[in-house]
Amino acid sequence: MKILKKSAKLANVLYDVRGPIVDAAKQMEEDGQKIIKLNIGNMAPFGFDAPEEIQQDMIRNLPDSAGYSDSKGIFAARKAVMHYTQQQGIEGVTLDDIYLGNGASELIVMATNALLDDGDELLVPTPDYPLWTAAVSLSGGKPVHYLCEEENGWLPSLSDIRTKITPRTRGIAVINPNNPTGVLYPDELLRGMVAIAREHNLVLLVDEVYDKVLYEDAKHTAMASLSTDVLTLTFNSLSKAYRSCGYRAGWMIVSGPKSDAADYIEGLNMLANLKLGSNVPGQWAIQTALGGYQSIHDLVKPGGRLRRQRDLAYELITAIPGVTCVKPHAALYMFPRLDPAMYPIADDREFFMQVLRETRVMLVQGSGFNYPDNHHFRIVFLPHEDDLREAIHRIAKFLERYRQRTQ
């Protein structure tokens, strides 16, 4: 039989959040070893349960969930999302502008497929959540990475964005609050990005999945509330703020000058029809989640579990010689840096594979987030405090041995 090869479209697709290091960790677990997982923002395994009222609403509506829904989603859920956009100050959103999907991820892939022809470019941040780069590549497009500057608190560089725009550029992806850095963008920066999109007639694709996972006095501004004259697609879901990753309930909102984008919206509708509709039981959770008690605030306030674990992880990781980190003000992650003078690393994937094998702690290397050096990694601070302490203690001991070997 002729050797069957994967599609060439997959050549540039990378998703190391669930990549070779994860495969190695699974094998170690099968061999009886216990792994501390700091690699993925999956909340349920760490005891972050979905609110009970969400679970009960899904259960009560399960008898009515066996059939397909409207391809854009059930009325009650879309109405709840519409009301949420009004609370955020996003103008002109109707029910027809809201699409429900199996998490935000499915909708991001749908939006890029509808937008990009072969060779078209989408500006994507570096570091990024790697689904964005993968979705652009799978759509036949070219991901072009604009720089987020660590020395400026991981904020995107507007000047770098401008230099990356070409006649093939179709849009700008924005991740705010940011994964993997945990940074929240100020309004002034968001307005600057809107101005660039307006000047070059680009679409804004805005990932706001962590808009309620905020620490201290951080306040999130919906980018679509600032971009009323620029076509904007906003993505969100129940996965993080409502600890409902497995329910696969997300939404996409189209706002701005929709009349100018009628053909693109026709493409979105075509793709929504092709997938027939998203998981119906998960859709029933959306109205209850958005309209109910916002228990995420209890987790992020002073003394709340997420706040305590963020503070602990930051304190412990920055106490290691040669490790620095911009303190996150949102999301579930931080993106530390290893001083290359103290930690010479030629291949960060191989380095963190070595970390896994020697410490039984699983991390994701910076290149897994399309960041162009070998000296960053992402920490997920979801495990309980005792596990965080143990994991970072093992990392510290590993780095101590590494310094001794290389200096």
# chains A, B, ... in the order shown; residues from 1 in each chain; ligands from 1
>>> residues_around(residues="segment 360-375 of chain A", least_positions_apart="2", cutoff="9 Å", atoms="only C-alpha atoms", output="ChimeraX atom specification")
/A:14-19,21-22,25,28,33-40,125-130,133,145,147,180,335-340,343-349,351-353,355-358,377-380,391-392,394-395
>>> closest_atom_pairs(of="segment 171-235 of chain A", to="segment 264-278 of chain A", cutoff="12 Å", atoms="only C-alpha atoms", output="CSV")
residue,atom,partner,partner_atom,distance
A:Val203,CA,A:Tyr264,CA,10.8
A:Leu231,CA,A:Tyr264,CA,10.6
A:Thr232,CA,A:Ile265,CA,11.7
A:Leu233,CA,A:Ile265,CA,10.8
>>> closest_residue(among="A:Ala285, A:Ala313, A:Ala197, A:Ala11", to="Gln55 of chain A", atoms="only C-alpha atoms")
A:Ala285
>>> closest_atom_pairs(of="segment 69-94 of chain A", to="segment 226-229 of chain A", cutoff="12 Å", atoms="only C-alpha atoms", output="CSV")
residue,atom,partner,partner_atom,distance
A:Gln88,CA,A:Leu226,CA,10.4
A:Gly89,CA,A:Leu226,CA,8.7
A:Ile90,CA,A:Thr228,CA,7.7
A:Glu91,CA,A:Thr228,CA,7.0
A:Gly92,CA,A:Thr228,CA,8.7
A:Val93,CA,A:Thr228,CA,10.6
>>> select_by_dssp(residues="segment 78-286 of chain A", states="strand (DSSP E)", output="ChimeraX atom specification")
/A:98-101,121-126,142-149,155-156,169-175,203-207,232-237,250-255
>>> write_last_selection(atoms="C-alpha atoms", output="CSV table (one decimal), in the first residue's frame")
chain,number,residue,atom,x,y,z
A,98,ILE,CA,-24.5,35.8,17.5
A,99,TYR,CA,-23.2,32.3,16.8
A,100,LEU,CA,-22.9,29.6,19.4
A,101,GLY,CA,-20.3,26.9,19.0
A,121,GLU,CA,-2.4,36.9,6.1
A,122,LEU,CA,-3.7,37.3,9.6
A,123,LEU,CA,-1.7,39.2,12.2
A,124,VAL,CA,-1.4,37.1,15.3
A,125,PRO,CA,0.5,38.0,18.6
A,126,THR,CA,3.7,36.3,19.7
A,142,LYS,CA,-0.3,32.7,6.6
A,143,PRO,CA,0.0,33.6,10.3
A,144,VAL,CA,2.2,36.7,10.6
A,145,HIS,CA,3.3,37.3,14.2
A,146,TYR,CA,3.4,40.7,15.7
A,147,LEU,CA,5.5,41.3,18.8
A,148,CYS,CA,4.3,41.6,22.4
A,149,GLU,CA,7.1,43.2,24.3
A,155,LEU,CA,1.9,44.6,25.6
A,156,PRO,CA,1.6,44.5,21.8
A,169,THR,CA,-3.3,41.3,5.4
A,170,ARG,CA,-7.0,40.6,6.2
A,171,GLY,CA,-7.2,41.1,9.9
A,172,ILE,CA,-5.6,41.3,13.4
A,173,ALA,CA,-6.1,38.7,16.1
A,174,VAL,CA,-6.2,40.2,19.7
A,175,ILE,CA,-6.1,38.0,22.8
A,203,VAL,CA,-11.1,42.8,10.6
A,204,LEU,CA,-10.5,42.5,14.3
A,205,LEU,CA,-10.8,39.0,15.7
A,206,VAL,CA,-10.8,39.3,19.5
A,207,ASP,CA,-10.4,36.5,22.0
A,232,THR,CA,-15.1,43.0,14.9
A,233,LEU,CA,-15.6,39.4,15.8
A,234,THR,CA,-15.6,38.7,19.6
A,235,PHE,CA,-15.1,35.2,21.0
A,236,ASN,CA,-15.9,34.0,24.5
A,237,SER,CA,-17.1,30.9,26.3
A,250,GLY,CA,-18.9,29.3,23.4
A,251,TRP,CA,-20.1,32.2,21.3
A,252,MET,CA,-19.0,34.6,18.6
A,253,ILE,CA,-20.4,38.1,18.2
A,254,VAL,CA,-20.2,40.1,14.9
A,255,SER,CA,-20.3,43.9,15.4
